[in-house]
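Single-structure report; data block below.
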Amino acid sequence: MKRGERITNSILEGGLKLSALLAIFLIFLIFIFIFKEALPIFTNPGVRSEVDLRDLFASSVWQPVSDHPRFSLLPLFLGTLKLSLIAILFATPLALGAAIFTAEFAPRALKETIKPGIEILAGIPSVVMGAFALLTLASVLQGIFGWTMRLNAVNAGIALGLAIVPTIYSVADDALRAVPGSFREAAYALGSRRNQAIFRVIIPVALPGIFAGFMLGLGRAIGETMIVLLASGNAAILSLDPALSTRSFSATIAAELGEVVFGSTHYAVLFFIGALLFVITFIINLIANLVVERFKVRLAGVA
Amino acid sequence: MEDKGINPWVSTEYSQPEYVRMIENIHALNENLIVRVEDFSLFYGDKPALKRINLSIKKNRVTAIIGPSGCGKSTLLRAFNRMNDLIPNVRIEGRILIDGEDICKKDTDLVALRRKVGMVFQKPNPFPMSIYENVAFGLKIAGEKDRARLDQLVEKSLRQAALWDEAGDILDRSALTLSGGQQQRLCLARALVIEPEIILMDEPASALDPISTAKLEALIYSLKKDYTIVIVTHNMQQAARVADYTAFLLLGELVEYDETRKIFTNPTDKRTEDYITGRFG
Ligand SMILES: Nc1ncnc2c1ncn2[C@@H]1O[C@H](COP(=O)(O)OP(=O)(O)OP(=O)(O)O)[C@@H](O)[C@H]1O
Ligand SMILES: [Mg+2]
């Protein structure tokens, strides 16, 4: 290697390393910032007199703006849970079905239509998806089920589900394609029919990857804000009933952070919710990544 | 009819007993021939990979296919269980008869064919499941549910594949925890469990160390009393050690096919001689 080339290389390498470190550092900064703003809940006596940790998890009402503000996270937690559950229940079968179909069954022409189609779905801004749920989907669902609350957890959950279909689909599709051809060959050579090769060998082998897609979808569903804000009705009701209006963690932050008094108890609680979301999605993504890593290592051992 | 000598049906030159003996010979020959390849050609797209191959494979014998890389050994082997069907744009001509039946027909039952003609691949490819599930796979997909019978057949094949002593106590362990040589014997057990008649092996020892290779070769030798084995190998010593018959392929053509001893000591074709003496390939 020539000297000039070597210098260019090391500059390039150094630059890349620097940008990677910078990205990690920035994420770390954001993390610090969020926790710093949430800290008064634990330290500030004034804030602690209005809300202590027990209230956050034990009481049942979220009423941050009133003479006697109440800060229970339970209805929000339940709302988030309901919404992500519905989203996942709606999206997973759809995304997996599509992934299995395109990876294994579809003739090439059809494959080349479905894949970009689903990828376009990923490109729809969530505000558009939210508006669709708010204006159209809600009416359709109400027409079918006759719910009294037009905007509810099912409505928002389904829209959320549509938004996470591409995430689950593309990871699952990759996982299915990553299954080494040698397994497929072994299955056929033993006299498998196509269904048997797919359902007894290929899908079980790809399962960790499929699971990772599911986790990433879940992470997105929990963090997704705009759709929920528009389509769920946003009432913080402590109930498991999916036909009632619902408020999630993320939508709460989006709706209230604009008007909250800087440094107030409400402000600190909102940041506490932010920190909570951060941790939850971090853990979910971490699990997904660990599973994918193990999956790759396992396949590398045999492929 | 010009060619009286070849066609006994119209011949007047044979006495009755001679004629009968001849027919019997033909029958005996047919009994022992399990595979007949007749004018078989295979194309990947427009590119010919096998050109008008003719050969017959004897029952309960080990037949080796040798030849330089890219000459079509794997392609020929995979024609016997129609694995080339998995590759798009493959076209074939000619016939391959197995037990007298043309397996190249459109309506051939591929599941039945592949249960009759098992295969062991170049790289060990056990499924990422337990050892037991790997061996039982072929039975389960055929609908076998009786646990006792599964247990019994799994043990039998593991013994046949000389793996029972090492793996009999750890049947629930992942197959991927086995060594390469053990994995390859597991793949053999997995193929044996459905009791095929023919076992195809595509360079089964190329990923194995010398000791595992020796074990596998001993195994091949012991299996031929129950099975017909066709093995592709790059290793000429290996062909000489295990095979009764050897076919030499070159650029998609069958150059020479004979008893292994003959091929390695006194080949008819100059190209065979050049190859086995290492002058090219
Ligand atoms: N899937 C495929 N598509 C197109 N051409 C192929 C394909 N598989 C094999 N071929 C070609 O067919 C010819 C024979 O290949 P084959 O794999 O049968 O050779 P081989 O004798 O087994 O070689 P090796 O000893 O390297 O395994 C080669 O020229 C190869 O390039
Ligand atoms: Mg080959």
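FYI, nothing fancy with the structure tokens labels: chains A, B, ... in order, residues from 1 per chain, ligands from 1 as they appear.
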
message: Should the cut-off be 12 Å, what would the residue list for chain A against chain B look like, counting only C-alpha atoms, as number ranges by chain?
response: A: 108, 179-208, 295, 297-303

- prompt: Which residues, written as a PyMOL selection string, have at least one atom at most 9 Å from region 150-159 of chain A, with only C-alpha atoms counted and residues fewer than 4 positions away on the same chain left out?
  reply: chain A and resi 79+82-91+129-130+132-134+137-139+141-142+146+163-164+221+227-235+241-247

Serialized selection, C-alpha atoms, as a CSV table (one decimal), in the first residue's frame:
```csv
chain,number,residue,atom,x,y,z
A,79,GLY,CA,-53.8,1.9,27.9
A,82,LYS,CA,-54.1,-2.6,25.5
A,83,LEU,CA,-53.0,-0.7,22.4
A,84,SER,CA,-49.8,-2.6,21.9
A,85,LEU,CA,-51.5,-5.9,22.5
A,86,ILE,CA,-54.2,-5.2,19.9
A,87,ALA,CA,-51.6,-3.9,17.5
A,88,ILE,CA,-49.5,-7.0,17.9
A,89,LEU,CA,-52.5,-9.4,17.7
A,90,PHE,CA,-53.6,-7.6,14.5
A,91,ALA,CA,-50.2,-7.2,12.9
A,129,MET,CA,-52.3,6.6,9.3
A,130,GLY,CA,-53.7,8.3,12.4
A,132,PHE,CA,-57.2,7.5,8.4
A,133,ALA,CA,-58.1,5.8,11.6
A,134,LEU,CA,-59.7,8.9,13.0
A,137,LEU,CA,-61.6,3.3,10.3
A,138,ALA,CA,-63.3,4.5,13.4
A,139,SER,CA,-66.6,4.9,11.5
A,141,LEU,CA,-65.6,-0.1,13.2
A,142,GLN,CA,-68.4,1.7,14.9
A,146,GLY,CA,-71.9,-0.3,17.4
A,163,ALA,CA,-48.1,0.7,11.0
A,164,ILE,CA,-46.0,-2.1,12.4
A,221,ALA,CA,-46.1,-0.1,18.9
A,227,ILE,CA,-51.6,7.4,15.6
A,228,VAL,CA,-52.6,6.9,19.2
A,229,LEU,CA,-53.0,10.5,19.8
A,230,LEU,CA,-55.4,10.9,16.8
A,231,ALA,CA,-57.3,7.6,17.0
A,232,SER,CA,-57.6,6.5,20.6
A,233,GLY,CA,-59.8,9.2,22.1
A,234,ASN,CA,-57.2,9.9,24.7
A,235,ALA,CA,-59.3,9.4,27.8
A,241,ASP,CA,-62.3,-2.9,27.9
A,242,PRO,CA,-60.9,-2.4,24.4
A,243,ALA,CA,-64.1,-0.6,23.3
A,244,LEU,CA,-63.3,2.4,25.6
A,245,SER,CA,-61.3,5.4,24.8
A,246,THR,CA,-57.7,4.9,25.8
A,247,ARG,CA,-54.6,7.0,26.5
```

Please give me, as a JSON list (two decimals) with N, CA, C and O atoms, in the first residue's frame, the residues lying within 8 Å of ligand 2 when counting only C-alpha atoms and all ligand atoms.
```
[["chain", "number", "residue", "atom", "x", "y", "z"],
["B", 69, "SER", "N", -13.31, -30.98, -10.77],
["B", 69, "SER", "CA", -14.35, -30.07, -10.30],
["B", 69, "SER", "C", -15.15, -29.51, -11.47],
["B", 69, "SER", "O", -14.59, -29.12, -12.49],
["B", 70, "GLY", "N", -16.47, -29.50, -11.32],
["B", 70, "GLY", "CA", -17.33, -28.92, -12.35],
["B", 70, "GLY", "C", -17.66, -29.87, -13.48],
["B", 70, "GLY", "O", -18.30, -29.49, -14.46],
["B", 72, "GLY", "N", -19.67, -32.38, -13.37],
["B", 72, "GLY", "CA", -21.06, -32.81, -13.33],
["B", 72, "GLY", "C", -21.35, -33.96, -12.37],
["B", 72, "GLY", "O", -22.43, -34.56, -12.41],
["B", 73, "LYS", "N", -20.42, -34.25, -11.46],
["B", 73, "LYS", "CA", -20.61, -35.36, -10.52],
["B", 73, "LYS", "C", -21.85, -35.15, -9.66],
["B", 73, "LYS", "O", -22.73, -36.01, -9.58],
["B", 74, "SER", "N", -21.91, -33.97, -9.03],
["B", 74, "SER", "CA", -23.06, -33.70, -8.15],
["B", 74, "SER", "C", -24.35, -33.68, -8.95],
["B", 74, "SER", "O", -25.39, -34.18, -8.51],
["B", 75, "THR", "N", -24.28, -33.10, -10.12],
["B", 75, "THR", "CA", -25.47, -33.01, -10.96],
["B", 75, "THR", "C", -26.02, -34.40, -11.27],
["B", 75, "THR", "O", -27.23, -34.65, -11.17],
["B", 202, "ASP", "N", -22.67, -37.21, -1.53],
["B", 202, "ASP", "CA", -21.91, -36.24, -2.31],
["B", 202, "ASP", "C", -20.72, -35.75, -1.50],
["B", 202, "ASP", "O", -20.86, -34.93, -0.60],
["B", 203, "GLU", "N", -19.57, -36.26, -1.79],
["B", 203, "GLU", "CA", -18.35, -35.94, -1.05],
["B", 203, "GLU", "C", -18.60, -35.91, 0.46],
["B", 203, "GLU", "O", -18.36, -34.89, 1.11],
["B", 232, "VAL", "N", -19.97, -39.68, -4.56],
["B", 232, "VAL", "CA", -19.14, -38.76, -5.34],
["B", 232, "VAL", "C", -17.92, -38.45, -4.49],
["B", 232, "VAL", "O", -18.04, -38.20, -3.30]]
```

Surrounding residues as a PyMOL selection string, ligand 1, max 12 Å, only C-alpha atoms and all ligand atoms: chain B and resi 41-51+65-79+83-91+121-123+201-204+206+231-235+247-254+281

field: Those in region 74-276 of chain A with helix (DSSP H, G or I) from DSSP, as a PyMOL selection string
entry: chain A and resi 74-105+108-123+126-145+153-178+181-189+194-223+226-231+249-256+265-276

message: For Glu37 (chain A), find every residue with an atom within 10 Å (counting only C-alpha atoms), except residues of its own chain fewer than 4 positions away, and show them as a count of residues only.
response: 13

query: So how far away is CA of Phe249 (chain A) from CA of Thr167 (chain A), in Å?
result: 21.2 Å

task: Mind the document's chain letters and residue numbers, and return as a ChimeraX atom specification the residues of region 63-301 of chain A that DSSP labels strand (DSSP E or B).
output: /A:63,70-71,233,246

message: Quick check, in Å to one decimal: how far apart do CA of Asp52 (chain A) and CA of Ser264 (chain A) lie?
response: 13.9 Å

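Minimum distance to Trp164 (chain B) across B:Val62, B:Ala148, B:Val255, B:Val135 (counting only C-alpha atoms) occurs at B:Val135.
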
- request: Name the residues in contact with Leu74 (chain A) at a cut-off of 9 Å, using only C-alpha atoms, excluding same-chain residues fewer than 6 positions from it; report them as a ChimeraX atom specification.
  value: /A:56-62,238

File dump, residues just selected, C-alpha atoms, as a tab-separated table (two decimals), in the first residue's frame:
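This is the output file selection.tsv:
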```tsv
chain	number	residue	atom	x	y	z
A	56	LEU	CA	-47.57	6.81	40.56
A	57	PHE	CA	-48.21	3.11	40.64
A	58	ALA	CA	-50.93	2.64	43.21
A	59	SER	CA	-53.69	5.19	42.70
A	60	SER	CA	-56.00	5.07	39.72
A	61	VAL	CA	-56.57	8.55	38.31
A	62	TRP	CA	-54.52	10.59	35.86
A	238	LEU	CA	-58.56	2.55	34.11
```

Selection near Asn32 (chain B), 12 Å with only C-alpha atoms, sequence-local residues under 6 positions removed, as a PyMOL selection string: chain B and resi 25-26+56-61+98-100+228
